Amino acid sequence: MHRDEAFHLLVGWMVDGTGAPYSRRVLLTVSHGMISALETDFTGSLPTQHLVDLRQCTVIPALVDCHVHLSLSGKRDPDLRQRQVAMAFERARSVIRGHLVDHLARGIMAVRDAGDHCGHSLRFRRELVATESLPLVVHCAGRAWHARGRYGKVLGRAPAAGESLVDALRRSDEDVDQLKVIHSGINSLNEFGQATAPQFAFEDLRNAVSLARDRGLPTMVHANGEQPVGEAIAAGCRSLEHGYFMGLANLQAMVENGVTWVPTVNPMVALAGEASISPRQREIAARTVDHQLEQLRQARILGVTVALGTDSGSFGVLHGRAVAEELRLLIEAGFSLESAIQSATTHGARLLGLTEAMGCLAPGFPASFIVVRGSPAELLEQLTTPHSIWVRGEVWNQVKQEKP
Ligand SMILES: [Zn+2]
């Protein structure tokens, strides 16, 4: 058929990204790369021409991963990780490109990069995403900010000695999509739930967040523990990254302040299964996972907006593949399949400001979606090897995309 001609897909099941229960026997009409009509429980006579029969398949919207590190591979080899932190852009570009292909191959069509030491992902987004014909949206924080002498060097930089965060921001006018601030440490594997002190003075954090807002930028804050998380919310952050051990009051405060939570459970699961650390450290990692899933259970009851983010690129978390695992973890925490998918579609799209272009399957939206074999019951298992990925009405071909 001619690419501009309208055509139909008949799919057995559809999860539309809004959180609504899945529909059956859906006839999707695609015209000029857009969904022009959609009928559920279709019983009429089937079009005889231009019909793609996917009755044994489920369709879901293109996915959004709200927390990735594109310049890091997620492999467990510490030497490789060290080399990737310091690699030159010429080397980084093929690494980043490969990771974007890994995302596309699983139907992830928007990613939000949470920072790298050299700012390579931002440079790639600026110079290469369009020319490399990669049909996905890449939002970048560039180099994240951490306090001097505190955690975060692999993801960014610190203000100069004696300089406040807001002053450091004032002299930096990089073309980033969001501000990323690291406001706590990481989870201890030696003492369960051990809190770390906030990295920046509260006033300074608040001023930095409002300066970013004046520049039209949302702020994503890495924070674990009650005090750092509470300060991030009070400072006006748009999204809270990780949020381990934040406590019930902060979950409530997120609802009241319209803050989105990106809980990134994957990296802790990877540590819980890591052979090179001690059994006690693995046990603490596993308990930390359980605690985070318990917080997610509470978040669901309170109505916190949760957006899926995998932290791909961190130790043991692989780009693209990790999304199915993060969805599985949300479901383990009591989310329905449909609300887990909503976190990975509509909620992610809203966080990235893409609500017109992504997130759900409805007339007027681009015909960009994932088709997997089988019913919704098989969805998570099938998501790692999708039947087909559709970008604006055309099947995306991975082989064509991979460079020699
Ligand atoms: Zn991260």
# chains A, B, ... in the order shown; residues from 1 in each chain; ligands from 1
>>> residues_near_ligand(ligand="ligand 1", cutoff="10 Å", atoms="only C-alpha atoms and all ligand atoms", output="short mmCIF file (atom, residue, chain, number, x, y, z; two decimals) with all heavy atoms, in the first residue's frame")
data_model
loop_
_atom_site.label_atom_id
_atom_site.label_comp_id
_atom_site.auth_asym_id
_atom_site.auth_seq_id
_atom_site.Cartn_x
_atom_site.Cartn_y
_atom_site.Cartn_z
N CYS A 66 11.72 7.64 32.01
CA CYS A 66 12.00 8.97 32.55
C CYS A 66 13.33 9.10 33.29
O CYS A 66 13.60 10.17 33.85
CB CYS A 66 10.87 9.39 33.51
SG CYS A 66 9.36 9.74 32.64
N HIS A 67 14.11 8.05 33.34
CA HIS A 67 15.40 8.19 34.05
C HIS A 67 16.41 7.21 33.46
O HIS A 67 16.37 6.02 33.75
CB HIS A 67 15.20 7.94 35.55
CG HIS A 67 16.39 8.34 36.38
ND1 HIS A 67 16.30 9.19 37.45
CD2 HIS A 67 17.70 8.01 36.29
CE1 HIS A 67 17.49 9.37 37.99
NE2 HIS A 67 18.37 8.65 37.30
N VAL A 68 17.29 7.74 32.60
CA VAL A 68 18.34 6.90 32.00
C VAL A 68 19.66 7.67 32.04
O VAL A 68 19.67 8.89 32.24
CB VAL A 68 18.01 6.53 30.53
CG1 VAL A 68 16.68 5.80 30.42
CG2 VAL A 68 17.99 7.77 29.63
N HIS A 69 20.74 6.94 31.85
CA HIS A 69 22.07 7.55 31.68
C HIS A 69 22.64 6.96 30.40
O HIS A 69 23.20 5.87 30.40
CB HIS A 69 22.96 7.27 32.89
CG HIS A 69 22.41 7.82 34.16
ND1 HIS A 69 22.57 9.14 34.51
CD2 HIS A 69 21.67 7.26 35.14
CE1 HIS A 69 21.95 9.36 35.67
NE2 HIS A 69 21.39 8.23 36.07
N ASP A 113 17.39 11.85 30.04
CA ASP A 113 18.73 11.53 30.54
C ASP A 113 19.00 12.35 31.80
O ASP A 113 18.83 13.56 31.83
CB ASP A 113 19.77 11.84 29.47
CG ASP A 113 21.14 11.33 29.88
OD1 ASP A 113 21.82 12.03 30.66
OD2 ASP A 113 21.51 10.23 29.45
N ALA A 114 19.45 11.64 32.84
CA ALA A 114 19.62 12.27 34.16
C ALA A 114 21.07 12.65 34.44
O ALA A 114 21.44 12.88 35.58
CB ALA A 114 19.10 11.33 35.25
N GLY A 115 21.88 12.74 33.40
CA GLY A 115 23.21 13.31 33.58
C GLY A 115 24.37 12.35 33.36
O GLY A 115 24.25 11.15 33.56
N ASP A 116 25.48 12.94 32.90
CA ASP A 116 26.73 12.19 32.81
C ASP A 116 27.88 13.16 33.07
O ASP A 116 27.74 14.37 32.92
CB ASP A 116 26.87 11.46 31.46
CG ASP A 116 26.90 12.39 30.27
OD1 ASP A 116 27.96 12.92 29.96
OD2 ASP A 116 25.83 12.60 29.65
N ALA A 144 24.81 16.82 35.73
CA ALA A 144 24.03 17.06 36.95
C ALA A 144 24.88 17.86 37.94
O ALA A 144 26.11 17.91 37.82
CB ALA A 144 23.63 15.72 37.57
N GLY A 152 28.11 11.99 43.33
CA GLY A 152 27.54 12.52 42.09
C GLY A 152 28.54 12.83 40.99
O GLY A 152 28.15 13.22 39.89
N LEU A 155 28.07 11.59 37.48
CA LEU A 155 26.90 12.10 36.75
C LEU A 155 26.99 13.60 36.46
O LEU A 155 26.07 14.16 35.87
CB LEU A 155 25.62 11.83 37.55
CG LEU A 155 25.37 10.39 37.97
CD1 LEU A 155 24.09 10.28 38.74
CD2 LEU A 155 25.34 9.47 36.75
N LYS A 180 19.11 19.02 36.76
CA LYS A 180 19.21 17.84 37.62
C LYS A 180 20.09 18.19 38.81
O LYS A 180 21.25 18.57 38.65
CB LYS A 180 19.84 16.68 36.83
CG LYS A 180 20.35 15.51 37.69
CD LYS A 180 19.26 14.55 38.11
CE LYS A 180 19.75 13.43 39.04
NZ LYS A 180 20.58 12.40 38.40
N ILE A 182 21.52 16.70 42.54
CA ILE A 182 21.70 15.54 43.41
C ILE A 182 21.73 16.08 44.84
O ILE A 182 22.64 16.81 45.22
CB ILE A 182 23.00 14.79 43.04
CG1 ILE A 182 22.91 14.30 41.58
CG2 ILE A 182 23.23 13.62 43.98
CD1 ILE A 182 24.19 13.76 41.02
N HIS A 222 17.51 14.20 42.59
CA HIS A 222 17.89 12.90 43.16
C HIS A 222 17.87 13.07 44.68
O HIS A 222 18.61 13.91 45.22
CB HIS A 222 19.30 12.54 42.65
CG HIS A 222 20.05 11.54 43.48
ND1 HIS A 222 20.53 10.35 42.97
CD2 HIS A 222 20.43 11.54 44.79
CE1 HIS A 222 21.16 9.67 43.92
NE2 HIS A 222 21.12 10.38 45.03
N GLU A 241 13.44 11.89 42.08
CA GLU A 241 14.08 10.68 41.55
C GLU A 241 14.53 9.80 42.70
O GLU A 241 15.13 10.28 43.65
CB GLU A 241 15.29 11.07 40.69
CG GLU A 241 15.02 12.19 39.68
CD GLU A 241 14.00 11.81 38.61
OE1 GLU A 241 14.15 10.72 38.02
OE2 GLU A 241 13.05 12.59 38.39
N HIS A 242 14.24 8.53 42.60
CA HIS A 242 14.58 7.49 43.60
C HIS A 242 13.64 7.57 44.81
O HIS A 242 12.73 6.78 44.93
CB HIS A 242 16.06 7.53 44.01
CG HIS A 242 16.99 7.80 42.88
ND1 HIS A 242 17.01 6.99 41.76
CD2 HIS A 242 17.89 8.79 42.64
CE1 HIS A 242 17.91 7.47 40.90
NE2 HIS A 242 18.45 8.56 41.41
N THR A 264 12.60 4.30 40.35
CA THR A 264 13.82 3.56 39.93
C THR A 264 14.20 2.38 40.83
O THR A 264 15.21 2.42 41.53
CB THR A 264 15.05 4.51 39.82
OG1 THR A 264 15.39 4.97 41.12
CG2 THR A 264 14.81 5.69 38.91
N PRO A 267 17.93 -0.55 39.88
CA PRO A 267 19.34 -0.64 40.33
C PRO A 267 19.50 -1.41 41.65
O PRO A 267 20.49 -2.12 41.83
CB PRO A 267 19.78 0.81 40.50
CG PRO A 267 18.68 1.67 40.02
CD PRO A 267 17.50 0.85 39.67
N GLY A 309 10.82 5.09 35.51
CA GLY A 309 12.21 5.38 35.15
C GLY A 309 13.06 4.21 35.61
O GLY A 309 12.85 3.69 36.71
N THR A 310 13.97 3.77 34.78
CA THR A 310 14.71 2.55 35.11
C THR A 310 16.08 2.81 35.74
O THR A 310 16.65 1.94 36.36
CB THR A 310 14.96 1.73 33.83
OG1 THR A 310 15.66 2.58 32.91
CG2 THR A 310 13.67 1.25 33.22
N ASP A 311 16.63 4.03 35.53
CA ASP A 311 18.03 4.30 35.86
C ASP A 311 18.98 3.46 35.00
O ASP A 311 20.08 3.10 35.44
CB ASP A 311 18.31 4.08 37.35
CG ASP A 311 19.27 5.12 37.92
OD1 ASP A 311 19.86 5.87 37.13
OD2 ASP A 311 19.43 5.18 39.16
N SER A 312 18.55 3.15 33.79
CA SER A 312 19.39 2.38 32.86
C SER A 312 20.74 3.04 32.71
O SER A 312 20.84 4.26 32.60
CB SER A 312 18.75 2.33 31.47
OG SER A 312 17.65 1.49 31.50
N GLY A 313 21.78 2.22 32.67
CA GLY A 313 23.14 2.74 32.63
C GLY A 313 23.80 2.62 33.99
O GLY A 313 25.01 2.58 34.10
N SER A 314 22.97 2.57 35.05
CA SER A 314 23.60 2.34 36.35
C SER A 314 23.94 0.85 36.46
O SER A 314 23.48 0.03 35.65
CB SER A 314 22.72 2.83 37.50
OG SER A 314 21.47 2.22 37.46
#
>>> residues_around(residues="stretch 368-370 of chain A", least_positions_apart="5", cutoff="6 Å", atoms="only C-alpha atoms", output="PDB file with N, CA and C atoms, in the first residue's frame")
ATOM      1  N   VAL A  59      -1.748  -4.381  21.637  1.00  0.00           N
ATOM      2  CA  VAL A  59      -1.073  -3.124  21.295  1.00  0.00           C
ATOM      3  C   VAL A  59      -1.053  -2.204  22.508  1.00  0.00           C
ATOM      4  N   ILE A  60       0.086  -1.548  22.721  1.00  0.00           N
ATOM      5  CA  ILE A  60       0.216  -0.535  23.782  1.00  0.00           C
ATOM      6  C   ILE A  60       0.910   0.694  23.185  1.00  0.00           C
ATOM      7  N   PRO A  61       0.768   1.873  23.819  1.00  0.00           N
ATOM      8  CA  PRO A  61       1.427   3.064  23.260  1.00  0.00           C
ATOM      9  C   PRO A  61       2.953   2.945  23.354  1.00  0.00           C
ATOM     10  N   ALA A  62       3.647   3.770  22.581  1.00  0.00           N
ATOM     11  CA  ALA A  62       5.104   3.892  22.721  1.00  0.00           C
ATOM     12  C   ALA A  62       5.423   4.246  24.176  1.00  0.00           C
ATOM     13  N   GLY A 107      10.423  -0.355  21.811  1.00  0.00           N
ATOM     14  CA  GLY A 107       9.289   0.560  21.704  1.00  0.00           C
ATOM     15  C   GLY A 107       9.344   1.756  22.638  1.00  0.00           C
ATOM     16  N   ILE A 389       7.349  -2.713  16.120  1.00  0.00           N
ATOM     17  CA  ILE A 389       7.363  -1.355  16.661  1.00  0.00           C
ATOM     18  C   ILE A 389       6.904  -0.437  15.534  1.00  0.00           C
ATOM     19  N   TRP A 390       5.892   0.346  15.797  1.00  0.00           N
ATOM     20  CA  TRP A 390       5.350   1.235  14.759  1.00  0.00           C
ATOM     21  C   TRP A 390       5.665   2.678  15.118  1.00  0.00           C
ATOM     22  N   VAL A 391       6.260   3.394  14.161  1.00  0.00           N
ATOM     23  CA  VAL A 391       6.556   4.810  14.358  1.00  0.00           C
ATOM     24  C   VAL A 391       5.791   5.603  13.315  1.00  0.00           C
ATOM     25  N   ARG A 392       4.873   6.400  13.770  1.00  0.00           N
ATOM     26  CA  ARG A 392       4.028   7.217  12.869  1.00  0.00           C
ATOM     27  C   ARG A 392       3.510   6.413  11.673  1.00  0.00           C
TER      28      ARG A 392
END
>>> select_by_dssp(residues="stretch 107-320 of chain A", states="strand (DSSP E)", output="ChimeraX atom specification")
/A:108-113,137-140,144-145,156-157,179-182,219-223,239-242,260-262
>>> write_last_selection(atoms="C-alpha atoms", output="short mmCIF file (atom, residue, chain, number, x, y, z; two decimals), in the first residue's frame")
data_model
loop_
_atom_site.label_atom_id
_atom_site.label_comp_id
_atom_site.auth_asym_id
_atom_site.auth_seq_id
_atom_site.Cartn_x
_atom_site.Cartn_y
_atom_site.Cartn_z
CA ILE A 108 10.67 3.22 24.06
CA MET A 109 10.32 6.42 22.05
CA ALA A 110 11.17 9.03 24.66
CA VAL A 111 13.91 9.05 27.28
CA ARG A 112 14.98 11.57 29.89
CA ASP A 113 18.73 11.53 30.54
CA VAL A 137 12.60 12.18 21.88
CA VAL A 138 15.70 12.66 24.04
CA HIS A 139 15.58 15.10 26.96
CA CYS A 140 18.86 15.80 28.70
CA ALA A 144 24.03 17.06 36.95
CA TRP A 145 24.93 19.22 39.96
CA GLY A 156 28.10 15.68 36.65
CA ARG A 157 29.96 18.44 38.43
CA LEU A 179 17.93 20.88 35.71
CA LYS A 180 19.21 17.84 37.62
CA VAL A 181 20.28 18.31 41.23
CA ILE A 182 21.70 15.54 43.41
CA THR A 219 13.96 20.39 37.99
CA MET A 220 14.54 16.72 38.70
CA VAL A 221 16.04 16.05 42.12
CA HIS A 222 17.89 12.90 43.16
CA ALA A 223 16.99 12.43 46.82
CA SER A 239 10.03 15.25 39.86
CA LEU A 240 11.58 13.32 42.67
CA GLU A 241 14.08 10.68 41.55
CA HIS A 242 14.58 7.49 43.60
CA THR A 260 5.87 13.23 40.09
CA TRP A 261 7.77 10.32 41.62
CA VAL A 262 10.27 8.30 39.57
#
>>> closest_residue(among="A:Arg350, A:Arg238, A:His291, A:His319", to="A:His99", atoms="only C-alpha atoms")
A:His319
>>> select_by_dssp(residues="stretch 180-400 of chain A", states="helix (DSSP H, G or I)", output="VMD selection string")
chain A and resid 202 to 214 226 to 235 248 to 257 266 to 272 279 to 302 322 to 332 337 to 344 346 to 351 376 to 382 398 to 400
>>> atom_distance(atom1="atom CA of A:Gln49", atom2="atom CA of A:Ala6")
10.0 Å
